[in-house]
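Heads up, data.txt below (compact mmCIF, C-alpha atoms):
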```txt
# COMPACT_ATOMS: atom_id res chain seq x y z
CA MET A 1 -5.35 -1.60 25.97
CA PRO A 2 -5.44 -3.52 22.67
CA GLU A 3 -5.41 -1.34 19.56
CA LEU A 4 -6.32 -1.41 15.91
CA VAL A 5 -3.26 0.13 14.27
CA PHE A 6 -3.13 1.08 10.59
CA PHE A 7 0.33 1.27 9.02
CA SER A 8 -0.03 3.09 5.71
CA GLY A 9 2.17 4.23 2.87
CA THR A 10 2.77 3.95 -0.84
CA MET A 11 3.97 0.83 -2.56
CA ASP A 12 7.65 0.04 -2.04
CA CYS A 13 7.89 1.72 1.38
CA GLY A 14 8.41 -1.42 3.47
CA LYS A 15 4.93 -2.25 4.80
CA SER A 16 5.22 -6.01 4.37
CA THR A 17 8.78 -5.96 5.69
CA LEU A 18 7.57 -4.23 8.85
CA ALA A 19 4.73 -6.72 9.20
CA LEU A 20 7.27 -9.55 9.08
CA GLN A 21 9.50 -7.73 11.57
CA ILE A 22 6.63 -7.33 14.03
CA GLU A 23 5.86 -11.04 13.67
CA HIS A 24 9.53 -11.92 14.28
CA ASN A 25 9.90 -9.68 17.32
CA ARG A 26 6.75 -10.93 19.03
CA SER A 27 7.24 -14.60 18.24
CA ALA A 28 10.79 -14.30 19.61
CA ARG A 29 9.21 -13.34 22.95
CA GLY A 30 7.02 -16.44 23.02
CA LEU A 31 3.87 -14.84 21.62
CA GLN A 32 1.77 -16.50 18.92
CA GLY A 33 0.03 -14.46 16.26
CA MET A 34 -2.31 -15.03 13.36
CA ILE A 35 -1.25 -13.63 9.99
CA PHE A 36 -3.76 -12.78 7.27
CA THR A 37 -3.28 -11.36 3.81
CA ARG A 38 -5.15 -10.75 0.57
CA ASP A 39 -3.84 -10.99 -3.00
CA ASP A 40 -0.16 -11.02 -2.08
CA ARG A 41 2.34 -10.85 -4.98
CA ALA A 42 3.72 -14.27 -3.94
CA GLY A 43 0.32 -15.96 -4.27
CA ALA A 44 -2.54 -17.06 -2.06
CA GLY A 45 -1.75 -17.71 1.59
CA LYS A 46 1.58 -15.90 1.56
CA LEU A 47 2.90 -12.69 3.09
CA SER A 48 5.98 -11.58 1.20
CA SER A 49 8.40 -8.68 1.15
CA ARG A 50 10.33 -7.33 -1.82
CA LEU A 51 13.47 -8.06 0.20
CA GLY A 52 12.80 -11.74 -0.41
CA LEU A 53 11.26 -12.62 2.96
CA VAL A 54 8.09 -14.70 2.94
CA THR A 55 5.90 -16.53 5.43
CA ASP A 56 2.65 -18.47 5.39
CA ALA A 57 -0.59 -16.63 6.05
CA VAL A 58 -4.33 -17.17 5.97
CA GLU A 59 -5.86 -15.86 2.74
CA ALA A 60 -8.66 -13.44 3.64
CA ALA A 61 -10.70 -13.77 0.46
CA GLU A 62 -13.93 -11.97 -0.36
CA GLY A 63 -16.54 -12.85 2.26
CA PHE A 64 -13.97 -14.02 4.83
CA ASP A 65 -15.07 -13.30 8.41
CA PHE A 66 -12.10 -12.42 10.65
CA TYR A 67 -14.10 -12.38 13.86
CA ALA A 68 -15.80 -15.75 13.24
CA TYR A 69 -12.49 -17.34 12.20
CA LEU A 70 -10.69 -16.19 15.34
CA VAL A 71 -13.56 -17.12 17.66
CA SER A 72 -13.57 -20.62 16.14
CA HIS A 73 -9.79 -20.87 16.48
CA LEU A 74 -9.84 -19.83 20.14
CA SER A 75 -12.87 -21.98 20.99
CA LYS A 76 -11.01 -25.05 19.76
CA GLY A 77 -8.16 -24.36 22.16
CA GLY A 78 -5.97 -22.46 19.73
CA ARG A 79 -3.84 -19.57 20.85
CA CYS A 80 -3.67 -16.08 19.41
CA ASP A 81 -1.95 -13.14 21.09
CA TYR A 82 -2.11 -10.65 18.21
CA VAL A 83 -3.26 -10.32 14.61
CA ILE A 84 -1.35 -9.10 11.55
CA VAL A 85 -3.23 -8.20 8.36
CA ASP A 86 -1.29 -7.29 5.22
CA GLU A 87 -2.76 -5.81 2.01
CA ALA A 88 -5.61 -4.47 4.12
CA GLN A 89 -6.60 -2.00 1.41
CA PHE A 90 -8.18 -4.89 -0.52
CA LEU A 91 -10.58 -5.78 2.31
CA ALA A 92 -14.24 -4.80 2.35
CA ALA A 93 -15.45 -2.20 4.84
CA GLU A 94 -17.35 -4.85 6.81
CA GLN A 95 -14.15 -6.88 7.19
CA ILE A 96 -12.48 -3.86 8.79
CA ASP A 97 -15.47 -3.69 11.16
CA GLN A 98 -14.74 -7.31 12.05
CA LEU A 99 -11.12 -6.43 12.86
CA ALA A 100 -12.30 -3.64 15.15
CA ARG A 101 -14.54 -6.16 16.90
CA VAL A 102 -11.57 -8.51 17.33
CA VAL A 103 -9.81 -5.70 19.22
CA ASP A 104 -12.81 -4.71 21.33
CA ASP A 105 -14.34 -8.12 22.11
CA LEU A 106 -11.36 -10.49 22.00
CA ASP A 107 -8.81 -8.05 23.45
CA LEU A 108 -6.26 -8.65 20.69
CA ASP A 109 -3.96 -6.13 19.05
CA VAL A 110 -4.55 -5.91 15.32
CA PHE A 111 -1.80 -4.53 13.08
CA ALA A 112 -3.12 -3.71 9.61
CA PHE A 113 -0.85 -2.76 6.72
CA GLY A 114 -1.99 -1.23 3.47
CA ILE A 115 -1.94 1.40 0.76
CA THR A 116 -4.25 4.32 1.39
CA THR A 117 -5.18 5.32 -2.16
CA ASP A 118 -5.37 3.53 -5.50
CA PHE A 119 -3.81 4.44 -8.86
CA ARG A 120 -6.49 7.11 -9.37
CA SER A 121 -5.73 8.75 -6.01
CA LYS A 122 -9.05 7.46 -4.64
CA LEU A 123 -9.33 5.80 -1.25
CA PHE A 124 -9.60 2.03 -1.17
CA PRO A 125 -12.77 1.01 0.75
CA GLY A 126 -10.71 -0.98 3.25
CA SER A 127 -8.29 1.88 3.83
CA GLN A 128 -11.10 4.38 4.18
CA ARG A 129 -12.74 2.29 6.88
CA LEU A 130 -9.41 1.87 8.66
CA VAL A 131 -8.94 5.64 8.69
CA GLU A 132 -12.39 5.90 10.24
CA LEU A 133 -11.95 3.18 12.88
CA ALA A 134 -8.26 2.80 13.71
CA ASP A 135 -7.11 3.68 17.21
CA ARG A 136 -3.84 4.82 15.70
CA MET A 137 -2.38 5.45 12.25
CA GLU A 138 1.32 5.19 11.50
CA ARG A 139 3.00 6.41 8.33
CA LEU A 140 5.97 4.30 7.34
CA GLN A 141 9.29 6.04 8.04
CA VAL A 142 11.08 4.50 5.06
CA GLU A 143 10.15 6.90 2.28
CA ALA A 144 9.64 5.62 -1.24
CA LEU A 145 11.02 7.99 -3.86
CA CYS A 146 9.65 9.22 -7.15
CA TRP A 147 11.95 8.92 -10.17
CA CYS A 148 12.72 12.64 -9.74
CA GLY A 149 14.04 12.09 -6.20
CA ALA A 150 11.11 13.69 -4.37
CA ARG A 151 9.13 11.75 -1.77
CA ALA A 152 6.63 9.48 -3.48
CA THR A 153 3.08 10.05 -2.29
CA HIS A 154 0.99 8.43 -5.04
CA ASN A 155 0.70 5.02 -6.66
CA ALA A 156 0.49 4.89 -10.46
CA ARG A 157 -0.58 1.95 -12.60
CA THR A 158 1.46 1.53 -15.77
CA VAL A 159 1.19 -0.45 -18.98
CA GLY A 160 4.45 -0.60 -20.86
CA GLY A 161 5.73 2.32 -18.79
CA GLU A 162 2.73 4.52 -19.65
CA MET A 163 0.53 5.65 -16.76
CA VAL A 164 -3.14 4.69 -17.00
CA VAL A 165 -6.04 6.14 -15.00
CA GLU A 166 -8.88 3.82 -15.99
CA GLY A 167 -9.62 0.20 -15.17
CA ALA A 168 -10.56 -2.03 -12.27
CA GLN A 169 -9.51 -0.73 -8.87
CA VAL A 170 -7.73 -3.98 -7.97
CA VAL A 171 -5.28 -5.52 -10.44
CA VAL A 172 -2.46 -7.45 -8.81
CA GLY A 173 0.95 -6.33 -10.02
CA ASP A 174 4.29 -5.12 -8.76
CA VAL A 175 6.74 -2.28 -9.21
CA ASN A 176 9.21 -2.47 -12.11
CA ALA A 177 6.97 -4.87 -14.03
CA GLY A 178 8.35 -3.99 -17.47
CA ASP A 179 5.90 -4.23 -20.36
CA GLU A 180 3.26 -5.94 -18.22
CA ILE A 181 0.73 -4.18 -16.02
CA GLY A 182 2.79 -2.74 -13.20
CA TYR A 183 2.94 0.01 -10.66
CA GLU A 184 5.22 2.94 -9.98
CA VAL A 185 5.34 5.36 -7.08
CA LEU A 186 5.32 9.04 -7.98
CA CYS A 187 5.29 12.42 -6.29
CA ARG A 188 2.02 14.35 -6.60
CA ARG A 189 3.39 16.64 -9.30
CA HIS A 190 4.35 13.84 -11.64
CA HIS A 191 1.24 11.81 -10.85
CA ARG A 192 -0.86 14.80 -11.90
CA ARG A 193 1.17 15.13 -15.09
CA ARG A 194 1.05 11.35 -15.67
CA MET A 195 4.81 11.37 -16.06
CA THR A 196 6.45 8.07 -15.19
CA ALA A 197 10.17 7.32 -15.30
CA ALA A 198 9.77 5.83 -18.77
CA THR A 199 7.86 8.77 -20.24
CA ALA A 200 10.25 11.25 -18.62
CA HIS A 201 13.20 9.43 -20.16
CA ALA A 202 11.52 9.37 -23.56
CA ALA A 203 10.78 13.09 -23.34
CA ALA A 204 14.38 13.85 -22.42
CA LEU A 205 15.60 11.99 -25.52
CA SER A 206 13.07 13.56 -27.88
CA PRO A 207 14.59 16.07 -30.38
CA ASP A 208 11.30 17.99 -30.25
CA VAL A 209 11.80 18.97 -26.62
CA LEU A 210 13.77 22.16 -26.16
CA PRO A 211 15.84 22.78 -23.06
CA VAL A 212 14.14 25.24 -20.72
CA ALA A 213 16.91 27.86 -21.03
CA GLU A 214 16.80 27.79 -24.84
CA GLU A 215 13.00 28.06 -24.86
CA ILE A 216 13.10 31.09 -22.57
CA SER A 217 15.79 32.69 -24.74
CA ASP A 218 13.62 32.25 -27.85
CA ARG A 219 10.71 33.89 -26.10
CA SER A 220 12.89 36.84 -25.08
CA ARG A 221 14.04 37.40 -28.67
CA THR A 222 10.45 37.35 -29.86
CA VAL A 223 9.39 39.96 -27.32
CA ARG A 224 12.31 42.30 -28.21
CA SER A 225 11.59 42.07 -31.93
```

Can you give me the file's structure in the form of structure tokens?
Amino acid sequence: MPELVFFSGTMDCGKSTLALQIEHNRSARGLQGMIFTRDDRAGAGKLSSRLGLVTDAVEAAEGFDFYAYLVSHLSKGGRCDYVIVDEAQFLAAEQIDQLARVVDDLDLDVFAFGITTDFRSKLFPGSQRLVELADRMERLQVEALCWCGARATHNARTVGGEMVVEGAQVVVGDVNAGDEIGYEVLCRRHHRRRMTAATAHAAALSPDVLPVAEEISDRSRTVRS
């Protein structure tokens, strides 16, 4: 039976790479798919991976109707054996409903790839609806890592290396963006503390920060006196 499958994970965990791999594997077997994306880092109408791979895609802008587009394509004699949707977190809830209808009424597998939560740890509307409707959810096996080495579970927006928690939900950027608006993946602990790699490095170099052992020793001397 066709399925609506949601592949989720943080930034930098290989979602777009997997989308391209699925496209390669299926096209190598003679199947033809339709690829859609929204606000890709490489620009409109592109699906790109940080590994440097890129392919053309249909830009699913605001108001785009997946079901109507595919019905029109098939009615004109076009072929479509499966659907790939990258950056699905940016889609509206009704567009996810359209993807579910593509599965149920057109008997096509739909593979959706996206981030679950935004930089504030709040669900994207598209991701929330996918959680509600997907036949199956898959967490990416390639784990992104926080600067501390722990598994990254949260996406942080940064400006000049400083984490910010206010602003529009969707601002296109990338990891390691330097002084521009960028993104960094963090473990929950450091996301809660708003501690990015840059701020952690600055704190480590600060003469005002005492080593933990020295601080504990000072406290012990105070208690004894």

- 7 Å contact set for range 58-66 of chain A, only C-alpha atoms, chain neighbours under 3 positions out, as a ChimeraX atom specification: /A:35-38,44-45,69-70,95,98-99

- Judged by only C-alpha atoms, the minimum distance to Arg136 in chain A among A:Asp109, A:Glu23, A:Asp86, A:Glu94 is found for A:Asp109

- Query: Which polymer residues have any atom within 9 Å of an atom of range 137-149 of chain A, counting only C-alpha atoms, with same-chain residues fewer than 5 positions away left out, as a list of chain:residue names?
  - Reply: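 So the residues in contact are A:Leu4, A:Val5, A:Phe6, A:Phe7, A:Ser8, A:Gly9, A:Thr10, A:Met11, A:Asp12, A:Cys13, A:Gly14, A:Lys15, A:Leu18, A:Leu130, A:Val131, A:His154, A:Glu184, A:Val185, A:Leu186, A:Cys187, A:His190, A:Thr196, A:Ala197, A:Ala200.
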
- Item | Counting only C-alpha atoms, the option among A:Ala168, A:Cys80, A:Ile96, A:Ala57 closest to Gly30 in chain A | A:Cys80

- Query: In Å to one decimal, how far is CA of Pro125 in chain A from CA of Gly43 in chain A?
  - Reply: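 Here the two named atoms are 22.0 Å from each other.
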
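Of note, CA of Gly33 in chain A and CA of Tyr82 in chain A are spaced 4.8 Å apart.
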
Box centre and edge lengths (Å, one decimal), axis-aligned, range 147-150 of chain A plus 6 Å each side, as JSON:
```
{"center_x": 12.6, "center_y": 11.3, "center_z": -7.3, "size_x": 14.9, "size_y": 16.8, "size_z": 17.8}
```

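For the pair CA of Leu53 in chain A and CA of Arg26 in chain A, the separation is 16.8 Å.
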
- Message: Taking all atoms listed in the file into account, name the residue in A:Leu133, A:Leu51, A:Asp105, A:Asp118 that is nearest to Gly167 in chain A.
- Response: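 Of the candidates, the smallest distance to Gly167 in chain A is held by A:Asp118.
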
- Message: Around the point (-1.1, -6.6, 8.9) (coordinates from the file), which residues reach within 7 Å if we count all atoms listed in the file? Answer as a PyMOL selection string.
- Response: chain A and resi 19+36+84-86+88+111-113

- Task: Give the answer as one residue: which of A:Leu91, A:Ala202, A:Val164, A:Val171 has the shortest atom-to-atom distance to Thr116 in chain A, using all atoms listed in the file?
- Result: A:Leu91

- Query: For Val103 in chain A, which of A:Pro2, A:Glu132, A:Arg29, A:Lys122 is the closest residue, counting all atoms listed in the file?
  - Reply: A:Pro2

- Message: For a quick check of understanding, using all atoms listed in the file, which of A:Ala150, A:Ala134, A:Met195, A:Leu31 has the smallest distance to Met163 in chain A?
- Response: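 Distance minimum relative to Met163 in chain A lands on A:Met195.
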
Would you mind completing range 84-114 of chain A so that it carries N, CA and C atoms, and writing it out as a PDB file, keeping the file's coordinate frame?
```
ATOM      1  N   ILE A  84      -1.991  -9.904  12.590  1.00  0.00           N
ATOM      2  CA  ILE A  84      -1.350  -9.100  11.550  1.00  0.00           C
ATOM      3  C   ILE A  84      -2.133  -9.277  10.258  1.00  0.00           C
ATOM      4  N   VAL A  85      -2.480  -8.167   9.619  1.00  0.00           N
ATOM      5  CA  VAL A  85      -3.230  -8.200   8.360  1.00  0.00           C
ATOM      6  C   VAL A  85      -2.484  -7.361   7.333  1.00  0.00           C
ATOM      7  N   ASP A  86      -1.981  -8.019   6.281  1.00  0.00           N
ATOM      8  CA  ASP A  86      -1.290  -7.290   5.220  1.00  0.00           C
ATOM      9  C   ASP A  86      -2.228  -7.115   4.028  1.00  0.00           C
ATOM     10  N   GLU A  87      -1.925  -6.144   3.171  1.00  0.00           N
ATOM     11  CA  GLU A  87      -2.760  -5.810   2.010  1.00  0.00           C
ATOM     12  C   GLU A  87      -4.184  -5.489   2.444  1.00  0.00           C
ATOM     13  N   ALA A  88      -4.296  -4.757   3.544  1.00  0.00           N
ATOM     14  CA  ALA A  88      -5.610  -4.470   4.120  1.00  0.00           C
ATOM     15  C   ALA A  88      -6.458  -3.564   3.236  1.00  0.00           C
ATOM     16  N   GLN A  89      -5.828  -2.870   2.299  1.00  0.00           N
ATOM     17  CA  GLN A  89      -6.600  -2.000   1.410  1.00  0.00           C
ATOM     18  C   GLN A  89      -7.581  -2.793   0.553  1.00  0.00           C
ATOM     19  N   PHE A  90      -7.320  -4.073   0.325  1.00  0.00           N
ATOM     20  CA  PHE A  90      -8.180  -4.890  -0.520  1.00  0.00           C
ATOM     21  C   PHE A  90      -9.404  -5.439   0.222  1.00  0.00           C
ATOM     22  N   LEU A  91      -9.462  -5.246   1.520  1.00  0.00           N
ATOM     23  CA  LEU A  91     -10.580  -5.780   2.310  1.00  0.00           C
ATOM     24  C   LEU A  91     -11.828  -4.920   2.137  1.00  0.00           C
ATOM     25  N   ALA A  92     -12.976  -5.534   2.362  1.00  0.00           N
ATOM     26  CA  ALA A  92     -14.240  -4.800   2.350  1.00  0.00           C
ATOM     27  C   ALA A  92     -14.401  -4.048   3.666  1.00  0.00           C
ATOM     28  N   ALA A  93     -15.236  -3.012   3.642  1.00  0.00           N
ATOM     29  CA  ALA A  93     -15.450  -2.200   4.840  1.00  0.00           C
ATOM     30  C   ALA A  93     -15.939  -3.051   6.002  1.00  0.00           C
ATOM     31  N   GLU A  94     -16.822  -4.022   5.723  1.00  0.00           N
ATOM     32  CA  GLU A  94     -17.350  -4.850   6.810  1.00  0.00           C
ATOM     33  C   GLU A  94     -16.272  -5.746   7.408  1.00  0.00           C
ATOM     34  N   GLN A  95     -15.259  -6.088   6.635  1.00  0.00           N
ATOM     35  CA  GLN A  95     -14.150  -6.880   7.190  1.00  0.00           C
ATOM     36  C   GLN A  95     -13.302  -6.031   8.138  1.00  0.00           C
ATOM     37  N   ILE A  96     -13.176  -4.746   7.861  1.00  0.00           N
ATOM     38  CA  ILE A  96     -12.480  -3.860   8.790  1.00  0.00           C
ATOM     39  C   ILE A  96     -13.287  -3.727  10.085  1.00  0.00           C
ATOM     40  N   ASP A  97     -14.619  -3.699   9.971  1.00  0.00           N
ATOM     41  CA  ASP A  97     -15.470  -3.690  11.160  1.00  0.00           C
ATOM     42  C   ASP A  97     -15.221  -4.943  12.006  1.00  0.00           C
ATOM     43  N   GLN A  98     -15.019  -6.065  11.334  1.00  0.00           N
ATOM     44  CA  GLN A  98     -14.740  -7.310  12.050  1.00  0.00           C
ATOM     45  C   GLN A  98     -13.409  -7.224  12.801  1.00  0.00           C
ATOM     46  N   LEU A  99     -12.409  -6.603  12.187  1.00  0.00           N
ATOM     47  CA  LEU A  99     -11.120  -6.430  12.860  1.00  0.00           C
ATOM     48  C   LEU A  99     -11.254  -5.544  14.092  1.00  0.00           C
ATOM     49  N   ALA A 100     -12.064  -4.502  13.985  1.00  0.00           N
ATOM     50  CA  ALA A 100     -12.300  -3.640  15.150  1.00  0.00           C
ATOM     51  C   ALA A 100     -12.971  -4.430  16.270  1.00  0.00           C
ATOM     52  N   ARG A 101     -13.876  -5.324  15.903  1.00  0.00           N
ATOM     53  CA  ARG A 101     -14.540  -6.160  16.900  1.00  0.00           C
ATOM     54  C   ARG A 101     -13.573  -7.137  17.539  1.00  0.00           C
ATOM     55  N   VAL A 102     -12.614  -7.633  16.775  1.00  0.00           N
ATOM     56  CA  VAL A 102     -11.570  -8.510  17.330  1.00  0.00           C
ATOM     57  C   VAL A 102     -10.815  -7.779  18.438  1.00  0.00           C
ATOM     58  N   VAL A 103     -10.506  -6.505  18.202  1.00  0.00           N
ATOM     59  CA  VAL A 103      -9.810  -5.700  19.220  1.00  0.00           C
ATOM     60  C   VAL A 103     -10.701  -5.504  20.444  1.00  0.00           C
ATOM     61  N   ASP A 104     -11.937  -5.097  20.222  1.00  0.00           N
ATOM     62  CA  ASP A 104     -12.810  -4.710  21.330  1.00  0.00           C
ATOM     63  C   ASP A 104     -13.346  -5.900  22.122  1.00  0.00           C
ATOM     64  N   ASP A 105     -13.691  -6.994  21.433  1.00  0.00           N
ATOM     65  CA  ASP A 105     -14.340  -8.120  22.110  1.00  0.00           C
ATOM     66  C   ASP A 105     -13.386  -9.248  22.477  1.00  0.00           C
ATOM     67  N   LEU A 106     -12.308  -9.403  21.717  1.00  0.00           N
ATOM     68  CA  LEU A 106     -11.360 -10.490  22.000  1.00  0.00           C
ATOM     69  C   LEU A 106     -10.075  -9.983  22.642  1.00  0.00           C
ATOM     70  N   ASP A 107      -9.964  -8.666  22.797  1.00  0.00           N
ATOM     71  CA  ASP A 107      -8.810  -8.050  23.450  1.00  0.00           C
ATOM     72  C   ASP A 107      -7.480  -8.415  22.778  1.00  0.00           C
ATOM     73  N   LEU A 108      -7.473  -8.356  21.452  1.00  0.00           N
ATOM     74  CA  LEU A 108      -6.260  -8.650  20.690  1.00  0.00           C
ATOM     75  C   LEU A 108      -5.812  -7.418  19.929  1.00  0.00           C
ATOM     76  N   ASP A 109      -4.505  -7.175  19.918  1.00  0.00           N
ATOM     77  CA  ASP A 109      -3.960  -6.130  19.050  1.00  0.00           C
ATOM     78  C   ASP A 109      -4.086  -6.573  17.605  1.00  0.00           C
ATOM     79  N   VAL A 110      -4.488  -5.643  16.754  1.00  0.00           N
ATOM     80  CA  VAL A 110      -4.550  -5.910  15.320  1.00  0.00           C
ATOM     81  C   VAL A 110      -3.679  -4.881  14.611  1.00  0.00           C
ATOM     82  N   PHE A 111      -2.700  -5.385  13.846  1.00  0.00           N
ATOM     83  CA  PHE A 111      -1.800  -4.530  13.080  1.00  0.00           C
ATOM     84  C   PHE A 111      -2.141  -4.699  11.600  1.00  0.00           C
ATOM     85  N   ALA A 112      -2.710  -3.658  11.012  1.00  0.00           N
ATOM     86  CA  ALA A 112      -3.120  -3.710   9.610  1.00  0.00           C
ATOM     87  C   ALA A 112      -2.171  -2.882   8.762  1.00  0.00           C
ATOM     88  N   PHE A 113      -1.793  -3.418   7.612  1.00  0.00           N
ATOM     89  CA  PHE A 113      -0.850  -2.760   6.720  1.00  0.00           C
ATOM     90  C   PHE A 113      -1.488  -2.612   5.345  1.00  0.00           C
ATOM     91  N   GLY A 114      -1.396  -1.389   4.780  1.00  0.00           N
ATOM     92  CA  GLY A 114      -1.990  -1.230   3.470  1.00  0.00           C
ATOM     93  C   GLY A 114      -1.714   0.110   2.830  1.00  0.00           C
TER      94      GLY A 114
END
```
